[in-house]
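K.L.:
So here's query15.cif (mmCIF, C-alpha atoms).
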data_input
loop_
_atom_site.label_atom_id
_atom_site.label_comp_id
_atom_site.auth_asym_id
_atom_site.auth_seq_id
_atom_site.Cartn_x
_atom_site.Cartn_y
_atom_site.Cartn_z
CA GLU A 1 2.75 5.99 -13.68
CA ASP A 2 3.88 7.00 -17.12
CA GLU A 3 6.31 9.86 -16.46
CA ALA A 4 5.25 11.94 -19.44
CA THR A 5 2.98 11.85 -22.41
CA ALA A 6 4.97 10.62 -25.41
CA GLY A 7 6.33 13.40 -27.59
CA SER A 8 5.89 16.11 -24.97
CA GLY A 9 7.89 17.34 -22.03
CA GLU A 10 4.90 17.55 -19.72
CA ARG A 11 4.53 15.29 -16.74
CA ALA A 12 1.31 13.33 -16.37
CA ALA A 13 -0.89 14.10 -13.39
CA PRO A 14 -0.14 11.90 -10.34
CA ALA A 15 -2.47 9.02 -9.53
CA ALA A 16 -2.89 6.29 -6.94
CA ALA A 17 -0.81 3.12 -7.02
CA GLY A 18 -1.47 1.22 -10.20
CA GLU A 19 -3.64 3.88 -11.84
CA GLU A 20 -2.91 5.31 -15.26
CA PRO A 21 -2.18 9.05 -14.99
CA ARG A 22 -4.68 11.44 -16.49
CA GLY A 23 -3.66 12.43 -20.00
CA ALA A 24 -1.48 9.36 -20.60
CA ALA A 25 -2.27 6.90 -23.36
CA PRO A 26 -1.83 3.18 -22.45
CA GLY A 27 0.64 2.54 -25.27
CA ASP A 28 2.91 5.55 -24.73
CA GLY A 29 6.57 4.56 -24.97
CA LEU A 30 5.97 0.90 -24.05
CA VAL A 31 7.53 -2.33 -25.27
CA PRO A 32 5.60 -5.29 -26.76
CA LEU A 33 4.21 -7.89 -24.38
CA GLU A 34 6.52 -10.59 -25.77
CA SER A 35 9.58 -8.64 -24.70
CA ILE A 36 8.76 -9.00 -20.98
CA LEU A 37 7.25 -12.51 -21.00
CA ARG A 38 9.40 -15.35 -19.67
CA THR A 39 6.71 -18.03 -19.32
CA ASP A 40 8.65 -20.59 -21.39
CA GLU A 41 11.49 -20.40 -18.88
CA LEU A 42 9.33 -21.97 -16.16
CA THR A 43 9.79 -25.44 -17.67
CA ARG A 44 13.50 -24.91 -18.38
CA ARG A 45 14.48 -23.90 -14.86
CA PRO A 46 15.35 -26.64 -12.34
CA PRO A 47 12.17 -27.01 -10.26
CA ARG A 48 12.28 -27.09 -6.50
CA ARG A 49 11.17 -30.34 -4.89
CA PRO A 50 7.39 -30.45 -4.23
CA ASP A 51 6.43 -30.47 -0.55
CA TYR A 52 3.02 -32.10 -0.70
CA GLU A 53 2.65 -32.29 3.08
CA ALA A 54 3.24 -28.54 3.44
CA GLU A 55 0.78 -27.96 0.59
CA ARG A 56 -1.81 -30.15 2.31
CA ARG A 57 -1.45 -28.16 5.54
CA LEU A 58 -1.66 -24.89 3.64
CA LEU A 59 -4.88 -25.86 1.84
CA ALA A 60 -6.37 -27.28 5.05
CA SER A 61 -5.78 -23.98 6.85
CA LEU A 62 -7.48 -22.15 3.96
CA VAL A 63 -10.52 -24.40 4.21
CA GLN A 64 -10.72 -23.72 7.95
CA SER A 65 -10.50 -19.98 7.32
CA LEU A 66 -13.29 -20.18 4.77
CA ALA A 67 -15.62 -21.48 7.48
CA LYS A 68 -15.07 -18.40 9.67
CA PRO A 69 -17.41 -15.55 8.65
CA ALA A 70 -15.27 -12.75 10.09
CA VAL A 71 -12.06 -13.81 8.34
CA ASP A 72 -10.78 -11.83 5.33
CA ILE A 73 -10.28 -14.91 3.17
CA LEU A 74 -8.68 -13.02 0.27
CA ARG A 75 -6.02 -11.64 2.62
CA ILE A 76 -5.38 -15.17 3.90
CA ILE A 77 -4.97 -16.41 0.31
CA ALA A 78 -2.40 -13.68 -0.38
CA GLU A 79 -0.50 -14.64 2.77
CA LYS A 80 -0.52 -18.32 1.78
CA ILE A 81 0.81 -17.49 -1.71
CA LEU A 82 3.61 -15.53 -0.04
CA GLU A 83 4.36 -18.46 2.25
CA GLY A 84 3.96 -21.31 -0.22
CA LEU A 85 5.98 -19.74 -3.03
CA THR A 86 8.46 -17.90 -0.75
CA ALA A 87 7.67 -14.80 -2.79
CA ASP A 88 8.50 -11.22 -1.83
CA SER A 89 4.95 -9.99 -2.49
CA ALA A 90 1.70 -11.75 -3.31
CA GLY A 91 -1.84 -10.70 -4.04
CA VAL A 92 -5.32 -11.16 -5.42
CA SER A 93 -6.65 -8.98 -8.25
CA LEU A 94 -10.39 -8.96 -8.89
CA LEU A 95 -12.12 -7.66 -12.00
CA ARG A 96 -14.69 -5.11 -10.88
CA LYS A 97 -18.31 -5.68 -11.75
CA ASP A 98 -18.23 -2.83 -14.28
CA GLU A 99 -15.17 -4.59 -15.82
CA LYS A 100 -13.25 -1.29 -16.06
CA ARG A 101 -10.49 -2.09 -13.57
CA PHE A 102 -8.71 -4.84 -11.71
CA HIS A 103 -8.82 -4.14 -7.97
CA TRP A 104 -5.94 -5.23 -5.73
CA ALA A 105 -8.27 -6.76 -3.15
CA ALA A 106 -5.55 -8.32 -1.02
CA ILE A 107 -1.76 -8.03 -0.87
CA ALA A 108 0.84 -9.57 1.43
CA GLY A 109 4.55 -8.87 1.66
CA ALA A 110 6.54 -5.91 0.38
CA TRP A 111 3.66 -4.50 -1.70
CA GLN A 112 1.13 -4.65 1.14
CA ALA A 113 0.94 -0.85 1.38
CA HIS A 114 -0.52 -0.79 -2.15
CA VAL A 115 -3.66 -2.78 -1.29
CA GLY A 116 -6.71 -1.08 -2.77
CA GLY A 117 -4.84 0.03 -5.89
CA GLY A 118 -5.21 -1.72 -9.20
CA THR A 119 -4.72 -1.71 -12.95
CA PRO A 120 -6.90 -0.99 -16.00
CA SER A 121 -8.93 -3.91 -17.30
CA THR A 122 -7.71 -3.25 -20.85
CA PHE A 123 -3.98 -2.78 -20.27
CA GLY A 124 -2.01 -4.39 -17.49
CA PRO A 125 -0.54 -7.68 -16.27
CA SER A 126 -3.92 -9.13 -15.24
CA ALA A 127 -5.53 -7.90 -18.46
CA ASP A 128 -2.87 -9.65 -20.56
CA VAL A 129 -3.20 -12.84 -18.52
CA LEU A 130 -6.97 -12.96 -18.93
CA ARG A 131 -6.62 -12.12 -22.60
CA SER A 132 -4.28 -15.09 -23.09
CA ASN A 133 -6.40 -17.20 -20.73
CA GLU A 134 -3.29 -18.86 -19.30
CA PRO A 135 -0.62 -18.24 -16.65
CA GLN A 136 2.21 -15.87 -17.51
CA LEU A 137 5.62 -15.10 -16.10
CA PHE A 138 6.67 -11.45 -16.49
CA GLN A 139 9.95 -9.64 -15.96
CA HIS A 140 10.06 -5.93 -15.16
CA PHE A 141 6.42 -4.88 -15.44
CA GLU A 142 7.40 -1.23 -15.78
CA ARG A 143 8.95 -1.74 -19.21
CA ARG A 144 5.46 -2.30 -20.65
CA TYR A 145 3.09 -0.83 -18.03
CA ALA A 146 4.71 2.53 -17.37
CA TYR A 147 2.11 3.51 -14.75
CA LEU A 148 3.64 0.85 -12.46
CA ARG A 149 7.03 2.61 -12.34
CA PRO A 150 6.34 4.44 -9.05
CA VAL A 151 5.01 1.29 -7.33
CA MET A 152 7.90 0.20 -5.14
CA PRO A 153 9.76 -2.01 -4.64
CA ALA A 154 10.22 -2.71 -8.35
CA VAL A 155 9.25 -6.12 -9.71
CA GLU A 156 12.00 -8.40 -11.01
CA GLU A 157 9.57 -11.23 -11.82
CA GLY A 158 5.83 -11.63 -11.56
CA LEU A 159 3.98 -14.96 -11.88
CA LEU A 160 0.23 -14.58 -12.52
CA VAL A 161 -2.51 -17.18 -12.96
CA PRO A 162 -6.17 -16.52 -13.83
CA PHE A 163 -8.96 -17.96 -11.71
CA TYR A 164 -12.54 -18.60 -12.68
CA VAL A 165 -16.12 -18.74 -11.40
CA GLU A 166 -18.52 -20.84 -13.46
CA GLY A 167 -16.09 -20.81 -16.38
CA LYS A 168 -15.64 -17.02 -16.41
CA ALA A 169 -12.29 -15.46 -15.49
CA VAL A 170 -12.85 -13.09 -12.55
CA GLY A 171 -9.32 -12.23 -11.48
CA THR A 172 -5.74 -13.30 -10.99
CA LEU A 173 -3.49 -14.57 -8.25
CA TRP A 174 0.07 -13.31 -8.33
CA ALA A 175 3.46 -13.81 -6.77
CA LEU A 176 6.22 -11.23 -7.16
CA SER A 177 9.97 -11.25 -6.76
CA HIS A 178 11.76 -8.02 -5.91
CA SER A 179 15.10 -9.80 -5.61
CA GLU A 180 17.06 -12.60 -7.26
CA ARG A 181 14.27 -15.09 -6.51
CA ARG A 182 13.21 -16.87 -9.72
CA PHE A 183 9.98 -18.83 -10.12
CA ASP A 184 9.78 -22.31 -11.63
CA ALA A 185 7.28 -24.96 -12.72
CA GLU A 186 6.62 -26.07 -9.14
CA ASP A 187 5.69 -22.50 -8.18
CA LEU A 188 3.26 -22.44 -11.11
CA ARG A 189 1.68 -25.75 -10.06
CA LEU A 190 1.14 -24.52 -6.50
CA LEU A 191 -0.22 -21.15 -7.60
CA GLU A 192 -2.71 -22.87 -9.94
CA SER A 193 -3.77 -25.08 -7.04
CA LEU A 194 -4.43 -21.99 -4.94
CA GLY A 195 -6.29 -20.51 -7.91
CA ARG A 196 -8.82 -23.33 -7.71
CA PHE A 197 -9.38 -22.52 -4.05
CA ALA A 198 -9.66 -18.80 -4.85
CA SER A 199 -12.58 -19.58 -7.16
CA ALA A 200 -14.54 -21.07 -4.27
CA ALA A 201 -13.45 -18.28 -1.92
CA HIS A 202 -14.61 -15.60 -4.37
CA GLN A 203 -18.09 -17.12 -4.47
CA VAL A 204 -18.21 -17.21 -0.66
CA VAL A 205 -17.17 -13.54 -0.46
CA GLU A 206 -19.83 -12.53 -2.97
CA TYR A 207 -22.48 -14.50 -1.06
CA ARG A 208 -21.49 -12.81 2.21
CA GLU A 209 -21.66 -9.38 0.58
CA LEU A 210 -25.09 -10.20 -0.84
CA GLU A 211 -26.33 -11.37 2.57
CA HIS A 212 -24.93 -8.23 4.20
CA SER A 213 -26.76 -6.06 1.64
CA ARG A 214 -29.99 -7.97 2.24
CA ARG A 215 -29.71 -7.55 6.01
CA ALA A 216 -28.97 -3.85 5.64
CA ALA A 217 -31.98 -3.42 3.35
CA ALA A 218 -34.19 -5.31 5.81
CA LEU A 219 -33.01 -3.14 8.71
CA ASN A 220 -33.70 0.00 6.68
CA LEU A 221 -37.22 -1.20 5.92
CA MET A 222 -37.81 -1.94 9.60
CA GLU A 223 -36.53 1.51 10.57
CA ASP A 224 -38.81 3.13 7.97
CA ALA A 225 -41.75 1.17 9.31
CA VAL A 226 -41.00 2.27 12.88
CA GLN A 227 -40.70 5.92 11.82
CA SER A 228 -43.96 5.72 9.89
CA ARG A 229 -45.74 4.22 12.87
CA ARG A 230 -44.45 6.94 15.18
CA ALA A 231 -45.59 9.60 12.74
CA LEU A 232 -49.07 8.10 12.63
CA GLU A 233 -49.22 7.92 16.43
CA LYS A 234 -48.38 11.63 16.64
CA ILE A 235 -51.18 12.47 14.20
CA ASN A 236 -53.68 10.41 16.16
#
With the file now loaded, output its structure as structure tokens.

P.N.:
Amino acid sequence: EDEATAGSGERAAPAAAGEEPRGAAPGDGLVPLESILRTDELTRRPPRRPDYEAERRLLASLVQSLAKPAVDILRIIAEKILEGLTADSAGVSLLRKDEKRFHWAAIAGAWQAHVGGGTPSTFGPSADVLRSNEPQLFQHFERRYAYLRPVMPAVEEGLLVPFYVEGKAVGTLWALSHSERRFDAEDLRLLESLGRFASAAHQVVEYRELEHSRRAAALNLMEDAVQSRRALEKIN
């Protein structure tokens, strides 16, 4: 969170992980986006050797998970990002339907305790990625997004890619380094590959939620009908 409102000595009110504190303005005391972007370095760093067989197994396991109704597929995706990119933390951010916030729907690794948090839809890493409509590599989030300062461990590097449903960006996948680990072009390629899978997974999750809502509504109608019938029987 931003520690204090700019120009005053007052601390901002505490908030949950990833939330802007009440009374803090998004731009207070922050550096320009360009000062924390390192995306161009991805192509300059020596890439690790692609392991296509490991990638094939990873994607195959995701497809199998997608076929199991009880599986939390977004959590599995986060775990596979962590595994495939040997990241320290990994996650899935989804833009809420009201488009006011990005929700950390799934997190694996060191940041796992922060699942359920999120960032504003107008000012944050995911917001800047969707605004640019392309992957971005960040260093030290907290230098621009002050509300992320208390979220520990601190981020050395963060690689984010947008993913889409029917051409509309709906969220981001991300891999974080809290150490000397540095991402490269091969990490970007793999994360974009997982982004394509995330698009399909997001549609499956939405369909399951819709079906659950329909079943709940049907059960409520049946219960109402039973109660009405009992009431009529008592009258008669």

K.L.:
Applied to the shown file, which residues does the PyMOL selection byres ((chain A and resi 70-81) around 9) return, written as a PDB file with C-alpha atoms, keeping the file's coordinate frame?

P.N.:
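Written output follows (result.pdb):
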ATOM      1  CA  LEU A  58      -1.660 -24.890   3.640  1.00  0.00           C
ATOM      2  CA  LEU A  59      -4.880 -25.860   1.840  1.00  0.00           C
ATOM      3  CA  LEU A  62      -7.480 -22.150   3.960  1.00  0.00           C
ATOM      4  CA  SER A  65     -10.500 -19.980   7.320  1.00  0.00           C
ATOM      5  CA  LEU A  66     -13.290 -20.180   4.770  1.00  0.00           C
ATOM      6  CA  ALA A  67     -15.620 -21.480   7.480  1.00  0.00           C
ATOM      7  CA  LYS A  68     -15.070 -18.400   9.670  1.00  0.00           C
ATOM      8  CA  PRO A  69     -17.410 -15.550   8.650  1.00  0.00           C
ATOM      9  CA  LEU A  82       3.610 -15.530  -0.040  1.00  0.00           C
ATOM     10  CA  GLU A  83       4.360 -18.460   2.250  1.00  0.00           C
ATOM     11  CA  GLY A  84       3.960 -21.310  -0.220  1.00  0.00           C
ATOM     12  CA  LEU A  85       5.980 -19.740  -3.030  1.00  0.00           C
ATOM     13  CA  THR A  86       8.460 -17.900  -0.750  1.00  0.00           C
ATOM     14  CA  ALA A  87       7.670 -14.800  -2.790  1.00  0.00           C
ATOM     15  CA  SER A  89       4.950  -9.990  -2.490  1.00  0.00           C
ATOM     16  CA  ALA A  90       1.700 -11.750  -3.310  1.00  0.00           C
ATOM     17  CA  GLY A  91      -1.840 -10.700  -4.040  1.00  0.00           C
ATOM     18  CA  VAL A  92      -5.320 -11.160  -5.420  1.00  0.00           C
ATOM     19  CA  ALA A 105      -8.270  -6.760  -3.150  1.00  0.00           C
ATOM     20  CA  ALA A 106      -5.550  -8.320  -1.020  1.00  0.00           C
ATOM     21  CA  ILE A 107      -1.760  -8.030  -0.870  1.00  0.00           C
ATOM     22  CA  ALA A 108       0.840  -9.570   1.430  1.00  0.00           C
ATOM     23  CA  GLY A 109       4.550  -8.870   1.660  1.00  0.00           C
ATOM     24  CA  LEU A 173      -3.490 -14.570  -8.250  1.00  0.00           C
ATOM     25  CA  TRP A 174       0.070 -13.310  -8.330  1.00  0.00           C
ATOM     26  CA  ALA A 175       3.460 -13.810  -6.770  1.00  0.00           C
ATOM     27  CA  LEU A 190       1.140 -24.520  -6.500  1.00  0.00           C
ATOM     28  CA  LEU A 191      -0.220 -21.150  -7.600  1.00  0.00           C
ATOM     29  CA  LEU A 194      -4.430 -21.990  -4.940  1.00  0.00           C
ATOM     30  CA  PHE A 197      -9.380 -22.520  -4.050  1.00  0.00           C
ATOM     31  CA  ALA A 198      -9.660 -18.800  -4.850  1.00  0.00           C
ATOM     32  CA  ALA A 201     -13.450 -18.280  -1.920  1.00  0.00           C
ATOM     33  CA  HIS A 202     -14.610 -15.600  -4.370  1.00  0.00           C
ATOM     34  CA  VAL A 205     -17.170 -13.540  -0.460  1.00  0.00           C
TER      35      VAL A 205
END

K.L.:
Of the residues A:Ser193, A:Pro162, A:Asp88, A:Gly117, which is the one nearest to Ser132 in chain A, using all atoms listed in the file?

P.N.:
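Between A:Ser193, A:Pro162, A:Asp88, A:Gly117, the residue approaching Ser132 in chain A most closely is A:Pro162.
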
K.L.:
Do you have the CA of Thr122 in chain A-CA of Leu42 in chain A distance handy?

P.N.:
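Pair CA of Thr122 in chain A / CA of Leu42 in chain A returns 25.7 Å.
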
K.L.:
What do you get, as a PyMOL selection string, if you spell out every residue that the PyMOL selection byres ((chain A and resi 157-160) around 7) selects here?

P.N.:
chain A and resi 135-140+155-156+161-162+172-177

K.L.:
Write out, as an mmCIF file, keeping the file's coordinate frame, the residues just selected, with C-alpha atoms.

P.N.:
data_model
loop_
_atom_site.group_PDB
_atom_site.id
_atom_site.type_symbol
_atom_site.label_atom_id
_atom_site.label_comp_id
_atom_site.auth_asym_id
_atom_site.auth_seq_id
_atom_site.Cartn_x
_atom_site.Cartn_y
_atom_site.Cartn_z
ATOM 1 C CA PRO A 135 -0.620 -18.240 -16.650
ATOM 2 C CA GLN A 136 2.210 -15.870 -17.510
ATOM 3 C CA LEU A 137 5.620 -15.100 -16.100
ATOM 4 C CA PHE A 138 6.670 -11.450 -16.490
ATOM 5 C CA GLN A 139 9.950 -9.640 -15.960
ATOM 6 C CA HIS A 140 10.060 -5.930 -15.160
ATOM 7 C CA VAL A 155 9.250 -6.120 -9.710
ATOM 8 C CA GLU A 156 12.000 -8.400 -11.010
ATOM 9 C CA VAL A 161 -2.510 -17.180 -12.960
ATOM 10 C CA PRO A 162 -6.170 -16.520 -13.830
ATOM 11 C CA THR A 172 -5.740 -13.300 -10.990
ATOM 12 C CA LEU A 173 -3.490 -14.570 -8.250
ATOM 13 C CA TRP A 174 0.070 -13.310 -8.330
ATOM 14 C CA ALA A 175 3.460 -13.810 -6.770
ATOM 15 C CA LEU A 176 6.220 -11.230 -7.160
ATOM 16 C CA SER A 177 9.970 -11.250 -6.760
#

K.L.:
Counting all atoms listed in the file, which residues come within 12 Å of (8.3, -2.8, -17.5), with the point read in the file's coordinates, and could you list them as a PyMOL selection string?

P.N.:
chain A and resi 1-2+29-37+124-125+138-151+154-158

K.L.:
Would you save the residues of that selection, restricted to C-alpha atoms, as an mmCIF file, in the frame of the given file?

P.N.:
data_model
loop_
_atom_site.group_PDB
_atom_site.id
_atom_site.type_symbol
_atom_site.label_atom_id
_atom_site.label_comp_id
_atom_site.auth_asym_id
_atom_site.auth_seq_id
_atom_site.Cartn_x
_atom_site.Cartn_y
_atom_site.Cartn_z
ATOM 1 C CA GLU A 1 2.750 5.990 -13.680
ATOM 2 C CA ASP A 2 3.880 7.000 -17.120
ATOM 3 C CA GLY A 29 6.570 4.560 -24.970
ATOM 4 C CA LEU A 30 5.970 0.900 -24.050
ATOM 5 C CA VAL A 31 7.530 -2.330 -25.270
ATOM 6 C CA PRO A 32 5.600 -5.290 -26.760
ATOM 7 C CA LEU A 33 4.210 -7.890 -24.380
ATOM 8 C CA GLU A 34 6.520 -10.590 -25.770
ATOM 9 C CA SER A 35 9.580 -8.640 -24.700
ATOM 10 C CA ILE A 36 8.760 -9.000 -20.980
ATOM 11 C CA LEU A 37 7.250 -12.510 -21.000
ATOM 12 C CA GLY A 124 -2.010 -4.390 -17.490
ATOM 13 C CA PRO A 125 -0.540 -7.680 -16.270
ATOM 14 C CA PHE A 138 6.670 -11.450 -16.490
ATOM 15 C CA GLN A 139 9.950 -9.640 -15.960
ATOM 16 C CA HIS A 140 10.060 -5.930 -15.160
ATOM 17 C CA PHE A 141 6.420 -4.880 -15.440
ATOM 18 C CA GLU A 142 7.400 -1.230 -15.780
ATOM 19 C CA ARG A 143 8.950 -1.740 -19.210
ATOM 20 C CA ARG A 144 5.460 -2.300 -20.650
ATOM 21 C CA TYR A 145 3.090 -0.830 -18.030
ATOM 22 C CA ALA A 146 4.710 2.530 -17.370
ATOM 23 C CA TYR A 147 2.110 3.510 -14.750
ATOM 24 C CA LEU A 148 3.640 0.850 -12.460
ATOM 25 C CA ARG A 149 7.030 2.610 -12.340
ATOM 26 C CA PRO A 150 6.340 4.440 -9.050
ATOM 27 C CA VAL A 151 5.010 1.290 -7.330
ATOM 28 C CA ALA A 154 10.220 -2.710 -8.350
ATOM 29 C CA VAL A 155 9.250 -6.120 -9.710
ATOM 30 C CA GLU A 156 12.000 -8.400 -11.010
ATOM 31 C CA GLU A 157 9.570 -11.230 -11.820
ATOM 32 C CA GLY A 158 5.830 -11.630 -11.560
#

K.L.:
Suppose you want the space between CA of Arg101 in chain A and CA of Thr119 in chain A; what is it in Å?

P.N.:
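Between CA of Arg101 in chain A and CA of Thr119 in chain A the gap works out to 5.8 Å.
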
K.L.:
Work out how far CA of Lys97 in chain A is from CA of Trp111 in chain A, in Å to one decimal.

P.N.:
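According to the coordinates, CA of Trp111 in chain A and CA of Lys97 in chain A are separated by 24.2 Å.
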
K.L.:
I want to know what sits within 12 Å of Asp51 in chain A, based on all atoms listed in the file, with residues of the same chain fewer than 2 positions away left out; could you give that as a VMD selection string?

P.N.:
chain A and resid 47 to 49 53 to 58 84 to 85 186 to 187 189 to 190
